[in-house]
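Below is the file my_file.pdb, which contains PDB, C-alpha atoms, pLDDT in the B column.
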ATOM      1  CA  GLY A   1       0.000   0.000   0.000  1.00 66.00           C
ATOM      2  CA  ALA A   2       0.893   3.643  -0.222  1.00 71.00           C
ATOM      3  CA  VAL A   3       3.022   5.308   2.422  1.00 87.00           C
ATOM      4  CA  VAL A   4       1.861   8.216   4.553  1.00 93.00           C
ATOM      5  CA  SER A   5       4.335   9.603   7.039  1.00 95.00           C
ATOM      6  CA  GLN A   6       3.562  11.733  10.067  1.00 96.00           C
ATOM      7  CA  HIS A   7       6.050  13.756  12.036  1.00 96.00           C
ATOM      8  CA  PRO A   8       6.674  13.907  14.916  1.00 97.00           C
ATOM      9  CA  SER A   9       5.452  10.608  16.316  1.00 96.00           C
ATOM     10  CA  ARG A  10       5.487  12.011  19.845  1.00 97.00           C
ATOM     11  CA  VAL A  11       5.600  15.552  21.156  1.00 97.00           C
ATOM     12  CA  ILE A  12       5.379  17.104  24.598  1.00 97.00           C
ATOM     13  CA  CYS A  13       4.722  20.807  24.830  1.00 96.00           C
ATOM     14  CA  LYS A  14       3.963  23.369  27.461  1.00 97.00           C
ATOM     15  CA  SER A  15       0.501  24.762  27.914  1.00 97.00           C
ATOM     16  CA  GLY A  16      -0.022  27.876  25.818  1.00 97.00           C
ATOM     17  CA  THR A  17       2.448  26.996  23.089  1.00 97.00           C
ATOM     18  CA  SER A  18       1.673  25.869  19.542  1.00 97.00           C
ATOM     19  CA  VAL A  19       2.573  22.553  17.967  1.00 97.00           C
ATOM     20  CA  LYS A  20       2.792  21.675  14.273  1.00 97.00           C
ATOM     21  CA  ILE A  21       2.233  18.157  12.984  1.00 98.00           C
ATOM     22  CA  GLU A  22       3.215  17.224   9.438  1.00 97.00           C
ATOM     23  CA  CYS A  23       1.590  14.628   7.215  1.00 96.00           C
ATOM     24  CA  ARG A  24       3.317  13.597   4.004  1.00 95.00           C
ATOM     25  CA  SER A  25       2.231  11.237   1.250  1.00 92.00           C
ATOM     26  CA  LEU A  26       5.484   9.720   0.045  1.00 90.00           C
ATOM     27  CA  ASP A  27       4.531   7.905  -3.133  1.00 86.00           C
ATOM     28  CA  PHE A  28       1.339   9.427  -4.471  1.00 85.00           C
ATOM     29  CA  GLN A  29      -0.336  12.789  -4.913  1.00 88.00           C
ATOM     30  CA  ALA A  30      -2.817  13.360  -2.120  1.00 88.00           C
ATOM     31  CA  THR A  31      -5.559  15.643  -3.359  1.00 87.00           C
ATOM     32  CA  THR A  32      -7.423  15.192  -0.082  1.00 91.00           C
ATOM     33  CA  MET A  33      -6.152  14.782   3.445  1.00 93.00           C
ATOM     34  CA  PHE A  34      -8.106  14.102   6.587  1.00 94.00           C
ATOM     35  CA  TRP A  35      -7.200  14.834  10.193  1.00 97.00           C
ATOM     36  CA  TYR A  36      -8.509  12.750  13.071  1.00 97.00           C
ATOM     37  CA  ARG A  37      -8.192  12.876  16.842  1.00 97.00           C
ATOM     38  CA  GLN A  38      -8.414   9.873  19.118  1.00 97.00           C
ATOM     39  CA  PHE A  39      -8.728   9.939  22.897  1.00 95.00           C
ATOM     40  CA  PRO A  40      -7.770   6.865  24.976  1.00 92.00           C
ATOM     41  CA  LYS A  41     -10.103   3.898  24.521  1.00 90.00           C
ATOM     42  CA  GLN A  42     -12.214   5.831  22.027  1.00 93.00           C
ATOM     43  CA  SER A  43     -12.640   5.692  18.284  1.00 93.00           C
ATOM     44  CA  LEU A  44     -11.184   8.091  15.742  1.00 95.00           C
ATOM     45  CA  MET A  45     -13.041  11.363  15.421  1.00 96.00           C
ATOM     46  CA  LEU A  46     -12.802  13.247  12.153  1.00 95.00           C
ATOM     47  CA  MET A  47     -11.697  16.829  12.717  1.00 97.00           C
ATOM     48  CA  ALA A  48     -11.390  18.237   9.224  1.00 95.00           C
ATOM     49  CA  THR A  49     -10.974  17.534   5.542  1.00 92.00           C
ATOM     50  CA  SER A  50      -8.494  19.467   3.452  1.00 91.00           C
ATOM     51  CA  ASN A  51      -8.181  19.650  -0.301  1.00 87.00           C
ATOM     52  CA  GLU A  52      -4.942  20.797  -1.861  1.00 84.00           C
ATOM     53  CA  GLY A  53      -4.903  24.520  -2.424  1.00 82.00           C
ATOM     54  CA  SER A  54      -8.170  25.314  -0.668  1.00 85.00           C
ATOM     55  CA  LYS A  55      -9.389  25.940   2.849  1.00 88.00           C
ATOM     56  CA  ALA A  56     -10.106  23.007   5.106  1.00 92.00           C
ATOM     57  CA  THR A  57     -13.639  21.930   5.943  1.00 93.00           C
ATOM     58  CA  TYR A  58     -14.053  21.403   9.667  1.00 95.00           C
ATOM     59  CA  GLU A  59     -16.459  19.026  11.359  1.00 95.00           C
ATOM     60  CA  GLN A  60     -19.054  20.431  13.706  1.00 95.00           C
ATOM     61  CA  GLY A  61     -17.610  21.364  17.071  1.00 94.00           C
ATOM     62  CA  VAL A  62     -14.001  21.621  15.900  1.00 96.00           C
ATOM     63  CA  GLU A  63     -12.534  25.100  16.298  1.00 94.00           C
ATOM     64  CA  LYS A  64     -10.885  26.158  13.068  1.00 93.00           C
ATOM     65  CA  ASP A  65      -8.890  28.927  14.749  1.00 95.00           C
ATOM     66  CA  LYS A  66      -7.431  26.478  17.230  1.00 96.00           C
ATOM     67  CA  PHE A  67      -6.631  23.688  14.799  1.00 97.00           C
ATOM     68  CA  LEU A  68      -5.041  25.317  11.775  1.00 96.00           C
ATOM     69  CA  ILE A  69      -4.757  23.133   8.713  1.00 95.00           C
ATOM     70  CA  ASN A  70      -2.629  23.885   5.685  1.00 91.00           C
ATOM     71  CA  HIS A  71      -2.561  21.743   2.559  1.00 89.00           C
ATOM     72  CA  ALA A  72      -0.325  23.739   0.277  1.00 82.00           C
ATOM     73  CA  SER A  73       0.996  20.884  -1.854  1.00 90.00           C
ATOM     74  CA  LEU A  74      -0.114  17.482  -3.085  1.00 89.00           C
ATOM     75  CA  THR A  75       2.283  15.748  -0.714  1.00 91.00           C
ATOM     76  CA  LEU A  76       2.104  17.757   2.492  1.00 93.00           C
ATOM     77  CA  SER A  77      -0.554  18.836   4.961  1.00 94.00           C
ATOM     78  CA  THR A  78       0.085  20.337   8.373  1.00 96.00           C
ATOM     79  CA  LEU A  79      -2.032  20.592  11.507  1.00 97.00           C
ATOM     80  CA  THR A  80      -1.093  23.281  14.008  1.00 97.00           C
ATOM     81  CA  VAL A  81      -2.588  23.105  17.480  1.00 98.00           C
ATOM     82  CA  THR A  82      -2.499  26.686  18.686  1.00 97.00           C
ATOM     83  CA  SER A  83      -2.350  27.735  22.326  1.00 96.00           C
ATOM     84  CA  ALA A  84      -2.399  24.108  23.391  1.00 97.00           C
ATOM     85  CA  HIS A  85      -3.982  23.104  26.696  1.00 96.00           C
ATOM     86  CA  PRO A  86      -3.854  19.803  28.581  1.00 96.00           C
ATOM     87  CA  GLU A  87      -7.273  18.842  27.225  1.00 96.00           C
ATOM     88  CA  ASP A  88      -5.766  18.910  23.714  1.00 97.00           C
ATOM     89  CA  SER A  89      -3.560  15.982  24.673  1.00 97.00           C
ATOM     90  CA  SER A  90      -4.554  13.220  22.282  1.00 97.00           C
ATOM     91  CA  PHE A  91      -3.482  10.960  19.432  1.00 97.00           C
ATOM     92  CA  TYR A  92      -3.685  12.862  16.132  1.00 98.00           C
ATOM     93  CA  ILE A  93      -3.825  10.864  12.913  1.00 97.00           C
ATOM     94  CA  CYS A  94      -3.798  11.986   9.302  1.00 96.00           C
ATOM     95  CA  SER A  95      -5.072  10.175   6.261  1.00 94.00           C
ATOM     96  CA  ALA A  96      -4.333  10.832   2.610  1.00 92.00           C
ATOM     97  CA  ALA A  97      -6.349  10.048  -0.477  1.00 88.00           C
ATOM     98  CA  GLY A  98      -5.789  10.634  -4.162  1.00 81.00           C
ATOM     99  CA  GLU A  99      -7.984  10.810  -7.195  1.00 71.00           C
ATOM    100  CA  GLY A 100      -8.500   7.421  -8.755  1.00 68.00           C
ATOM    101  CA  ARG A 101      -7.661   5.546  -5.578  1.00 71.00           C
ATOM    102  CA  THR A 102     -10.251   3.408  -3.867  1.00 73.00           C
ATOM    103  CA  GLU A 103      -8.899   3.646  -0.349  1.00 82.00           C
ATOM    104  CA  ALA A 104      -7.273   6.172   1.958  1.00 86.00           C
ATOM    105  CA  PHE A 105      -3.983   5.554   3.741  1.00 91.00           C
ATOM    106  CA  PHE A 106      -3.172   6.573   7.270  1.00 94.00           C
ATOM    107  CA  GLY A 107      -0.113   7.960   8.956  1.00 96.00           C
ATOM    108  CA  GLN A 108       1.296   6.334  12.050  1.00 96.00           C
ATOM    109  CA  GLY A 109      -0.148   9.024  14.315  1.00 97.00           C
ATOM    110  CA  THR A 110       1.253  11.695  16.616  1.00 97.00           C
ATOM    111  CA  ARG A 111       0.937  11.442  20.382  1.00 97.00           C
ATOM    112  CA  LEU A 112       0.569  14.977  21.753  1.00 98.00           C
ATOM    113  CA  THR A 113       0.972  15.604  25.467  1.00 97.00           C
ATOM    114  CA  VAL A 114       0.415  19.114  26.778  1.00 97.00           C
ATOM    115  CA  VAL A 115       1.841  19.752  30.245  1.00 96.00           C
TER     116      VAL A 115
ATOM    117  CA  ASP B   1     -23.170   9.072  13.083  1.00 50.00           C
ATOM    118  CA  ALA B   2     -21.589   5.768  12.222  1.00 53.00           C
ATOM    119  CA  LYS B   3     -23.964   3.666  10.158  1.00 87.00           C
ATOM    120  CA  THR B   4     -22.670   0.306  11.312  1.00 94.00           C
ATOM    121  CA  THR B   5     -23.047  -1.900  14.373  1.00 95.00           C
ATOM    122  CA  GLN B   6     -20.303  -4.236  15.540  1.00 97.00           C
ATOM    123  CA  PRO B   7     -19.813  -6.331  18.682  1.00 97.00           C
ATOM    124  CA  PRO B   8     -17.448  -4.531  21.050  1.00 97.00           C
ATOM    125  CA  SER B   9     -15.079  -7.460  21.448  1.00 97.00           C
ATOM    126  CA  MET B  10     -14.310 -10.988  20.272  1.00 97.00           C
ATOM    127  CA  ASP B  11     -11.762 -13.666  21.066  1.00 97.00           C
ATOM    128  CA  CYS B  12     -10.177 -16.062  18.612  1.00 96.00           C
ATOM    129  CA  ALA B  13      -7.666 -18.860  19.020  1.00 97.00           C
ATOM    130  CA  GLU B  14      -4.401 -18.496  17.156  1.00 97.00           C
ATOM    131  CA  GLY B  15      -4.465 -20.383  13.861  1.00 97.00           C
ATOM    132  CA  ARG B  16      -8.248 -20.453  13.676  1.00 97.00           C
ATOM    133  CA  ALA B  17     -10.442 -18.337  11.436  1.00 97.00           C
ATOM    134  CA  ALA B  18     -11.701 -15.064  12.902  1.00 98.00           C
ATOM    135  CA  ASN B  19     -15.153 -14.054  11.703  1.00 98.00           C
ATOM    136  CA  LEU B  20     -16.047 -10.451  12.480  1.00 98.00           C
ATOM    137  CA  PRO B  21     -19.664  -9.440  11.862  1.00 98.00           C
ATOM    138  CA  CYS B  22     -20.994  -6.033  10.939  1.00 97.00           C
ATOM    139  CA  ASN B  23     -24.542  -4.821  10.616  1.00 97.00           C
ATOM    140  CA  HIS B  24     -25.294  -2.016   8.172  1.00 95.00           C
ATOM    141  CA  SER B  25     -29.036  -2.324   7.721  1.00 94.00           C
ATOM    142  CA  THR B  26     -29.470   1.246   6.452  1.00 92.00           C
ATOM    143  CA  ILE B  27     -26.821   1.009   3.738  1.00 93.00           C
ATOM    144  CA  SER B  28     -27.842   2.659   0.490  1.00 89.00           C
ATOM    145  CA  GLY B  29     -27.242   1.501  -3.043  1.00 88.00           C
ATOM    146  CA  ASN B  30     -24.253   3.748  -3.675  1.00 86.00           C
ATOM    147  CA  GLU B  31     -22.365   2.862  -0.502  1.00 90.00           C
ATOM    148  CA  TYR B  32     -19.430   0.516  -0.180  1.00 91.00           C
ATOM    149  CA  VAL B  33     -18.440  -1.492   2.891  1.00 94.00           C
ATOM    150  CA  TYR B  34     -14.877  -0.850   4.015  1.00 93.00           C
ATOM    151  CA  TRP B  35     -12.840  -2.589   6.704  1.00 96.00           C
ATOM    152  CA  TYR B  36      -9.867  -1.082   8.484  1.00 96.00           C
ATOM    153  CA  ARG B  37      -7.996  -2.215  11.563  1.00 97.00           C
ATOM    154  CA  GLN B  38      -5.995  -0.353  14.168  1.00 97.00           C
ATOM    155  CA  ILE B  39      -3.263  -1.999  16.133  1.00 96.00           C
ATOM    156  CA  HIS B  40      -2.646  -0.311  19.470  1.00 91.00           C
ATOM    157  CA  SER B  41      -1.077   3.161  19.167  1.00 89.00           C
ATOM    158  CA  GLN B  42      -0.803   2.998  15.380  1.00 94.00           C
ATOM    159  CA  GLY B  43      -2.749   4.528  12.518  1.00 95.00           C
ATOM    160  CA  PRO B  44      -5.517   2.459  10.914  1.00 95.00           C
ATOM    161  CA  GLN B  45      -4.626  -0.006   8.174  1.00 94.00           C
ATOM    162  CA  TYR B  46      -6.827  -0.677   5.156  1.00 92.00           C
ATOM    163  CA  ILE B  47      -7.951  -4.297   4.852  1.00 95.00           C
ATOM    164  CA  ILE B  48     -10.586  -4.711   2.163  1.00 95.00           C
ATOM    165  CA  HIS B  49     -13.743  -3.225   0.702  1.00 93.00           C
ATOM    166  CA  GLY B  50     -16.714  -4.341  -1.370  1.00 93.00           C
ATOM    167  CA  LEU B  51     -20.020  -3.288  -2.849  1.00 92.00           C
ATOM    168  CA  LYS B  52     -22.140  -6.417  -3.200  1.00 91.00           C
ATOM    169  CA  ASN B  53     -19.906  -9.243  -4.328  1.00 89.00           C
ATOM    170  CA  ASN B  54     -17.704 -11.195  -1.968  1.00 95.00           C
ATOM    171  CA  GLU B  55     -14.094 -10.065  -2.069  1.00 96.00           C
ATOM    172  CA  THR B  56     -10.803 -11.695  -1.142  1.00 97.00           C
ATOM    173  CA  ASN B  57      -7.271 -10.393  -0.922  1.00 96.00           C
ATOM    174  CA  GLU B  58      -4.041 -11.459   0.744  1.00 95.00           C
ATOM    175  CA  MET B  59      -5.240 -10.246   4.135  1.00 95.00           C
ATOM    176  CA  ALA B  60      -8.867 -11.283   4.400  1.00 98.00           C
ATOM    177  CA  SER B  61     -12.179 -12.183   2.805  1.00 98.00           C
ATOM    178  CA  LEU B  62     -15.305 -10.054   2.876  1.00 98.00           C
ATOM    179  CA  ILE B  63     -18.687 -11.729   2.701  1.00 98.00           C
ATOM    180  CA  ILE B  64     -21.654  -9.414   2.044  1.00 97.00           C
ATOM    181  CA  THR B  65     -25.186 -10.734   2.385  1.00 96.00           C
ATOM    182  CA  GLU B  66     -27.432 -10.622  -0.641  1.00 95.00           C
ATOM    183  CA  ASP B  67     -29.576  -7.839   0.851  1.00 95.00           C
ATOM    184  CA  ARG B  68     -26.343  -5.980   1.771  1.00 95.00           C
ATOM    185  CA  LYS B  69     -27.590  -5.337   5.281  1.00 95.00           C
ATOM    186  CA  SER B  70     -24.699  -7.124   6.923  1.00 96.00           C
ATOM    187  CA  SER B  71     -21.231  -8.403   6.205  1.00 97.00           C
ATOM    188  CA  THR B  72     -18.518 -10.561   7.731  1.00 98.00           C
ATOM    189  CA  LEU B  73     -14.789 -10.047   7.618  1.00 98.00           C
ATOM    190  CA  ILE B  74     -12.882 -13.317   7.714  1.00 98.00           C
ATOM    191  CA  LEU B  75      -9.256 -13.644   8.727  1.00 98.00           C
ATOM    192  CA  PRO B  76      -8.584 -17.254   7.646  1.00 97.00           C
ATOM    193  CA  HIS B  77      -5.724 -18.070  10.020  1.00 95.00           C
ATOM    194  CA  ALA B  78      -5.514 -15.537  12.830  1.00 97.00           C
ATOM    195  CA  THR B  79      -2.136 -14.808  14.392  1.00 97.00           C
ATOM    196  CA  LEU B  80      -1.234 -12.879  17.526  1.00 97.00           C
ATOM    197  CA  ARG B  81      -0.316  -9.920  15.310  1.00 96.00           C
ATOM    198  CA  ASP B  82      -3.945  -9.716  14.176  1.00 97.00           C
ATOM    199  CA  THR B  83      -4.976  -8.496  17.626  1.00 98.00           C
ATOM    200  CA  ALA B  84      -6.450  -5.066  16.893  1.00 98.00           C
ATOM    201  CA  VAL B  85      -9.628  -3.021  16.738  1.00 97.00           C
ATOM    202  CA  TYR B  86     -11.461  -3.760  13.495  1.00 98.00           C
ATOM    203  CA  TYR B  87     -13.672  -1.075  12.014  1.00 97.00           C
ATOM    204  CA  CYS B  88     -16.473  -1.656   9.526  1.00 97.00           C
ATOM    205  CA  ILE B  89     -17.377   1.549   7.669  1.00 94.00           C
ATOM    206  CA  VAL B  90     -19.876   2.358   4.940  1.00 92.00           C
ATOM    207  CA  ARG B  91     -18.931   5.082   2.534  1.00 87.00           C
ATOM    208  CA  PRO B  92     -20.484   6.477  -0.637  1.00 80.00           C
ATOM    209  CA  ARG B  93     -19.120   5.546  -4.007  1.00 72.00           C
ATOM    210  CA  GLY B  94     -16.763   8.193  -5.296  1.00 67.00           C
ATOM    211  CA  GLY B  95     -13.338   7.051  -4.309  1.00 65.00           C
ATOM    212  CA  ALA B  96     -11.053   7.537  -1.390  1.00 64.00           C
ATOM    213  CA  THR B  97     -11.599  11.288  -1.262  1.00 71.00           C
ATOM    214  CA  ASN B  98     -14.878  10.677   0.525  1.00 77.00           C
ATOM    215  CA  LYS B  99     -14.385  10.839   4.280  1.00 84.00           C
ATOM    216  CA  LEU B 100     -14.352   7.812   6.551  1.00 88.00           C
ATOM    217  CA  ILE B 101     -16.464   8.018   9.689  1.00 88.00           C
ATOM    218  CA  PHE B 102     -15.344   5.514  12.300  1.00 92.00           C
ATOM    219  CA  GLY B 103     -17.657   3.752  14.717  1.00 90.00           C
ATOM    220  CA  THR B 104     -16.569   1.951  17.850  1.00 92.00           C
ATOM    221  CA  GLY B 105     -15.269  -1.171  16.120  1.00 96.00           C
ATOM    222  CA  THR B 106     -14.593  -4.682  17.423  1.00 98.00           C
ATOM    223  CA  LEU B 107     -11.574  -5.428  19.564  1.00 97.00           C
ATOM    224  CA  LEU B 108     -10.311  -8.797  18.353  1.00 98.00           C
ATOM    225  CA  ALA B 109      -8.068 -10.561  20.827  1.00 98.00           C
ATOM    226  CA  VAL B 110      -6.184 -13.502  19.342  1.00 97.00           C
ATOM    227  CA  GLN B 111      -5.289 -15.939  22.089  1.00 96.00           C
ATOM    228  CA  PRO B 112      -2.224 -18.224  21.976  1.00 95.00           C
TER     229      PRO B 112
END

I'd like the structure from this file rewritten - as C-alpha cells, please.
Amino acid sequence: GAVVSQHPSRVICKSGTSVKIECRSLDFQATTMFWYRQFPKQSLMLMATSNEGSKATYEQGVEKDKFLINHASLTLSTLTVTSAHPEDSSFYICSAAGEGRTEAFFGQGTRLTVV
Amino acid sequence: DAKTTQPPSMDCAEGRAANLPCNHSTISGNEYVYWYRQIHSQGPQYIIHGLKNNETNEMASLIITEDRKSSTLILPHATLRDTAVYYCIVRPRGGATNKLIFGTGTLLAVQP
C-alpha cells in the first residue's frame, strides 16, 4: 500500500504553546487529506478535511482557529494546534487520499501531550 | 453518526479463522463497505472493501449478504499480530476522497 508519514510521532509541549504536525504522502499525490483525533479507549473522530490549495472543511464542534490546517501541496498537509492546553492531549492521525484511488492511507499518528 | 453496528469485542484462538460481523441495515445503493484495523497506538490499516460481491485479498475475505444489510470479515488463520480493533465503515461511491467516519469497532483478541 501507499506510504503516509507523520512527524513527529510524539511531542510534549507546554501549555499555551503551539505545535505543528506534518503529514506527508510519500509515493502518491494526495488531493485530499483528513485529520482525526483519538482519545484513549475511544474511536477516531474526524476533525477536518483538506483539499490541496483550498481551505479546510471542519467538522461540527471543531474550532478552526485552534486547529489550523494547511494543505499547500499534493504531498504535504500540516495541523497546528495553537495555544495548546492539557485537554488537547490526544493521538492525532492523518489520512491521505488521491484521485483514482479506492482507499485512503493513514499515517502512524502523533501522540501529543500538553503539560 | 456511524452507520454500522459491531460487537465490542471478540476472542479467537491463534491459527483459527476469525469471523467479524458487521450490521449495516441502512446502507444505500451507492455505498461501499470498508474494513480497516488499528493496532494499538498505530494509525488504521486498510484491509478490504466491497459493494455487493464477496471479495478476497491477501489479508482477508469479505462476505456481504445478498440484501447488503450485513457483512462478515474473515481472517482465515488468525495470528497474535492480528490483535487489533477492526472497524467496519460504509462510505459512498466516489473514491477515497470521501471521508471515513469511524464507529466503535470490534476489539479482536487472538489468544495463543

Per-residue nearest contacts segment 15-110 of chain B to segment 29-51 of chain A, cut-off 12 Å, using all atoms listed in the file, as a Markdown table:
| residue | atom | partner | partner_atom | distance |
| --- | --- | --- | --- | --- |
| B:Tyr36 | CA | A:Leu44 | CA | 11.8 |
| B:Arg37 | CA | A:Ser43 | CA | 11.4 |
| B:Gln38 | CA | A:Ser43 | CA | 9.9 |
| B:His40 | CA | A:Lys41 | CA | 9.9 |
| B:Ser41 | CA | A:Pro40 | CA | 9.6 |
| B:Gln42 | CA | A:Gln38 | CA | 10.9 |
| B:Gly43 | CA | A:Leu44 | CA | 9.7 |
| B:Pro44 | CA | A:Leu44 | CA | 9.3 |
| B:Val85 | CA | A:Ser43 | CA | 9.3 |
| B:Tyr86 | CA | A:Ser43 | CA | 10.7 |
| B:Tyr87 | CA | A:Ser43 | CA | 9.3 |
| B:Gly95 | CA | A:Thr32 | CA | 10.9 |
| B:Ala96 | CA | A:Thr32 | CA | 8.6 |
| B:Thr97 | CA | A:Thr32 | CA | 5.8 |
| B:Asn98 | CA | A:Thr32 | CA | 8.7 |
| B:Lys99 | CA | A:Phe34 | CA | 7.4 |
| B:Leu100 | CA | A:Leu46 | CA | 8.0 |
| B:Ile101 | CA | A:Leu46 | CA | 6.8 |
| B:Phe102 | CA | A:Leu44 | CA | 6.0 |
| B:Gly103 | CA | A:Ser43 | CA | 6.5 |
| B:Thr104 | CA | A:Ser43 | CA | 5.4 |
| B:Gly105 | CA | A:Ser43 | CA | 7.7 |
| B:Thr106 | CA | A:Ser43 | CA | 10.6 |
| B:Leu107 | CA | A:Lys41 | CA | 10.7 |

If I wrap all listed atoms of segment 57-68 of chain B in a box with edges along x, y and z and add 6 Å on each side, what are its centre and edge lengths in Å to one decimal, as lines of an AutoDock Vina configuration file?
center_x = -16.8
center_y = -9.1
center_z = 1.7
size_x = 37.5
size_y = 18.2
size_z = 17.3

Name every residue that the PyMOL selection byres ((chain B and resi 53) around 12) selects in this structure, writing the answer as a list in words with chains first and numbers rising. Tyr32, Val33, His49, Gly50, Leu51, Lys52, Asn54, Glu55, Thr56, Ser61, Leu62, Ile63, Ile64, Thr65, Glu66, Asp67, Arg68 and Ser71 of chain B

Report the residues retrieved by the PyMOL selection byres ((chain B and resi 82) around 12) from the displayed file, expressed as a PDB file with C-alpha atoms, in the frame of the given file.
ATOM      1  CA  ASP B  11     -11.762 -13.666  21.066  1.00 97.00           C
ATOM      2  CA  CYS B  12     -10.177 -16.062  18.612  1.00 96.00           C
ATOM      3  CA  ALA B  13      -7.666 -18.860  19.020  1.00 97.00           C
ATOM      4  CA  GLU B  14      -4.401 -18.496  17.156  1.00 97.00           C
ATOM      5  CA  GLY B  15      -4.465 -20.383  13.861  1.00 97.00           C
ATOM      6  CA  ARG B  16      -8.248 -20.453  13.676  1.00 97.00           C
ATOM      7  CA  ALA B  17     -10.442 -18.337  11.436  1.00 97.00           C
ATOM      8  CA  ALA B  18     -11.701 -15.064  12.902  1.00 98.00           C
ATOM      9  CA  TYR B  36      -9.867  -1.082   8.484  1.00 96.00           C
ATOM     10  CA  ARG B  37      -7.996  -2.215  11.563  1.00 97.00           C
ATOM     11  CA  GLN B  38      -5.995  -0.353  14.168  1.00 97.00           C
ATOM     12  CA  ILE B  39      -3.263  -1.999  16.133  1.00 96.00           C
ATOM     13  CA  HIS B  40      -2.646  -0.311  19.470  1.00 91.00           C
ATOM     14  CA  GLN B  45      -4.626  -0.006   8.174  1.00 94.00           C
ATOM     15  CA  ILE B  47      -7.951  -4.297   4.852  1.00 95.00           C
ATOM     16  CA  MET B  59      -5.240 -10.246   4.135  1.00 95.00           C
ATOM     17  CA  ALA B  60      -8.867 -11.283   4.400  1.00 98.00           C
ATOM     18  CA  ILE B  74     -12.882 -13.317   7.714  1.00 98.00           C
ATOM     19  CA  LEU B  75      -9.256 -13.644   8.727  1.00 98.00           C
ATOM     20  CA  PRO B  76      -8.584 -17.254   7.646  1.00 97.00           C
ATOM     21  CA  HIS B  77      -5.724 -18.070  10.020  1.00 95.00           C
ATOM     22  CA  ALA B  78      -5.514 -15.537  12.830  1.00 97.00           C
ATOM     23  CA  THR B  79      -2.136 -14.808  14.392  1.00 97.00           C
ATOM     24  CA  LEU B  80      -1.234 -12.879  17.526  1.00 97.00           C
ATOM     25  CA  ARG B  81      -0.316  -9.920  15.310  1.00 96.00           C
ATOM     26  CA  THR B  83      -4.976  -8.496  17.626  1.00 98.00           C
ATOM     27  CA  ALA B  84      -6.450  -5.066  16.893  1.00 98.00           C
ATOM     28  CA  VAL B  85      -9.628  -3.021  16.738  1.00 97.00           C
ATOM     29  CA  TYR B  86     -11.461  -3.760  13.495  1.00 98.00           C
ATOM     30  CA  LEU B 107     -11.574  -5.428  19.564  1.00 97.00           C
ATOM     31  CA  LEU B 108     -10.311  -8.797  18.353  1.00 98.00           C
ATOM     32  CA  ALA B 109      -8.068 -10.561  20.827  1.00 98.00           C
ATOM     33  CA  VAL B 110      -6.184 -13.502  19.342  1.00 97.00           C
ATOM     34  CA  GLN B 111      -5.289 -15.939  22.089  1.00 96.00           C
ATOM     35  CA  PRO B 112      -2.224 -18.224  21.976  1.00 95.00           C
TER      36      PRO B 112
END

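For segment 79-92 of chain A, the non-local neighbours within 6 Å, defined as residues at least 4 positions apart in the same chain or in other chains and counting all atoms listed in the file, are Ser15, Gly16, Thr17, Ser18, Val19, Lys20, Ile21, Tyr36, Arg37, Gln38, Phe39, Lys66, Phe67, Leu68, Ile69, Gly109, Thr110, Arg111, Leu112, Thr113, Val114 and Val115 of chain A.
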
Would you put the residues from that selection into a file with C-alpha atoms, as a short mmCIF file (atom, residue, chain, number, x, y, z; two decimals), in the frame of the given file?
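selection_21.cif, freshly written:
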data_model
loop_
_atom_site.label_atom_id
_atom_site.label_comp_id
_atom_site.auth_asym_id
_atom_site.auth_seq_id
_atom_site.Cartn_x
_atom_site.Cartn_y
_atom_site.Cartn_z
CA SER A 15 0.50 24.76 27.91
CA GLY A 16 -0.02 27.88 25.82
CA THR A 17 2.45 27.00 23.09
CA SER A 18 1.67 25.87 19.54
CA VAL A 19 2.57 22.55 17.97
CA LYS A 20 2.79 21.68 14.27
CA ILE A 21 2.23 18.16 12.98
CA TYR A 36 -8.51 12.75 13.07
CA ARG A 37 -8.19 12.88 16.84
CA GLN A 38 -8.41 9.87 19.12
CA PHE A 39 -8.73 9.94 22.90
CA LYS A 66 -7.43 26.48 17.23
CA PHE A 67 -6.63 23.69 14.80
CA LEU A 68 -5.04 25.32 11.78
CA ILE A 69 -4.76 23.13 8.71
CA GLY A 109 -0.15 9.02 14.32
CA THR A 110 1.25 11.70 16.62
CA ARG A 111 0.94 11.44 20.38
CA LEU A 112 0.57 14.98 21.75
CA THR A 113 0.97 15.60 25.47
CA VAL A 114 0.42 19.11 26.78
CA VAL A 115 1.84 19.75 30.24
#

Enter the distance from atom CA of Arg91 of chain B to atom CA of Phe105 of chain A, in Å, rounded to one decimal.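 According to the coordinates, atom CA of Arg91 of chain B and atom CA of Phe105 of chain A are separated by 15.0 Å.
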
Point-to-point distance in Å for atom CA of Ser25 of chain A and atom CA of Ala96 of chain A: 6.7 Å

Between atom CA of Lys69 of chain B and atom CA of Glu59 of chain A, distance in Å (one decimal): 27.5 Å

The PyMOL selection byres ((chain B and resi 27) around 8) resolved against shown file, as a list in words: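 Residues picked by the PyMOL selection byres ((chain B and resi 27) around 8): Lys3, His24, Ser25, Thr26, Ser28, Gly29, Glu31, Arg68, Lys69 and Val90 of chain B.
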
Between B:Trp35, B:Asn23, B:Gln6, B:Tyr46, which has the minimum distance to Val3 of chain A (counting only C-alpha atoms)?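 Of B:Trp35, B:Asn23, B:Gln6, B:Tyr46, the one nearest Val3 of chain A, counting only C-alpha atoms, is B:Tyr46.
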
Which neighbours of Leu26 of chain A fall inside 8 Å, counting all atoms listed in the file, when residues of the same chain fewer than 3 positions from it are skipped, and could you give them as a list of chain:residue names? A:Ala2, A:Val3, A:Val4, A:Ser5, A:Thr75

Write a file of the just-selected residues containing C-alpha atoms, as a short mmCIF file (atom, residue, chain, number, x, y, z; two decimals), in the coordinates of the input.
data_model
loop_
_atom_site.label_atom_id
_atom_site.label_comp_id
_atom_site.auth_asym_id
_atom_site.auth_seq_id
_atom_site.Cartn_x
_atom_site.Cartn_y
_atom_site.Cartn_z
CA ALA A 2 0.89 3.64 -0.22
CA VAL A 3 3.02 5.31 2.42
CA VAL A 4 1.86 8.22 4.55
CA SER A 5 4.34 9.60 7.04
CA THR A 75 2.28 15.75 -0.71
#
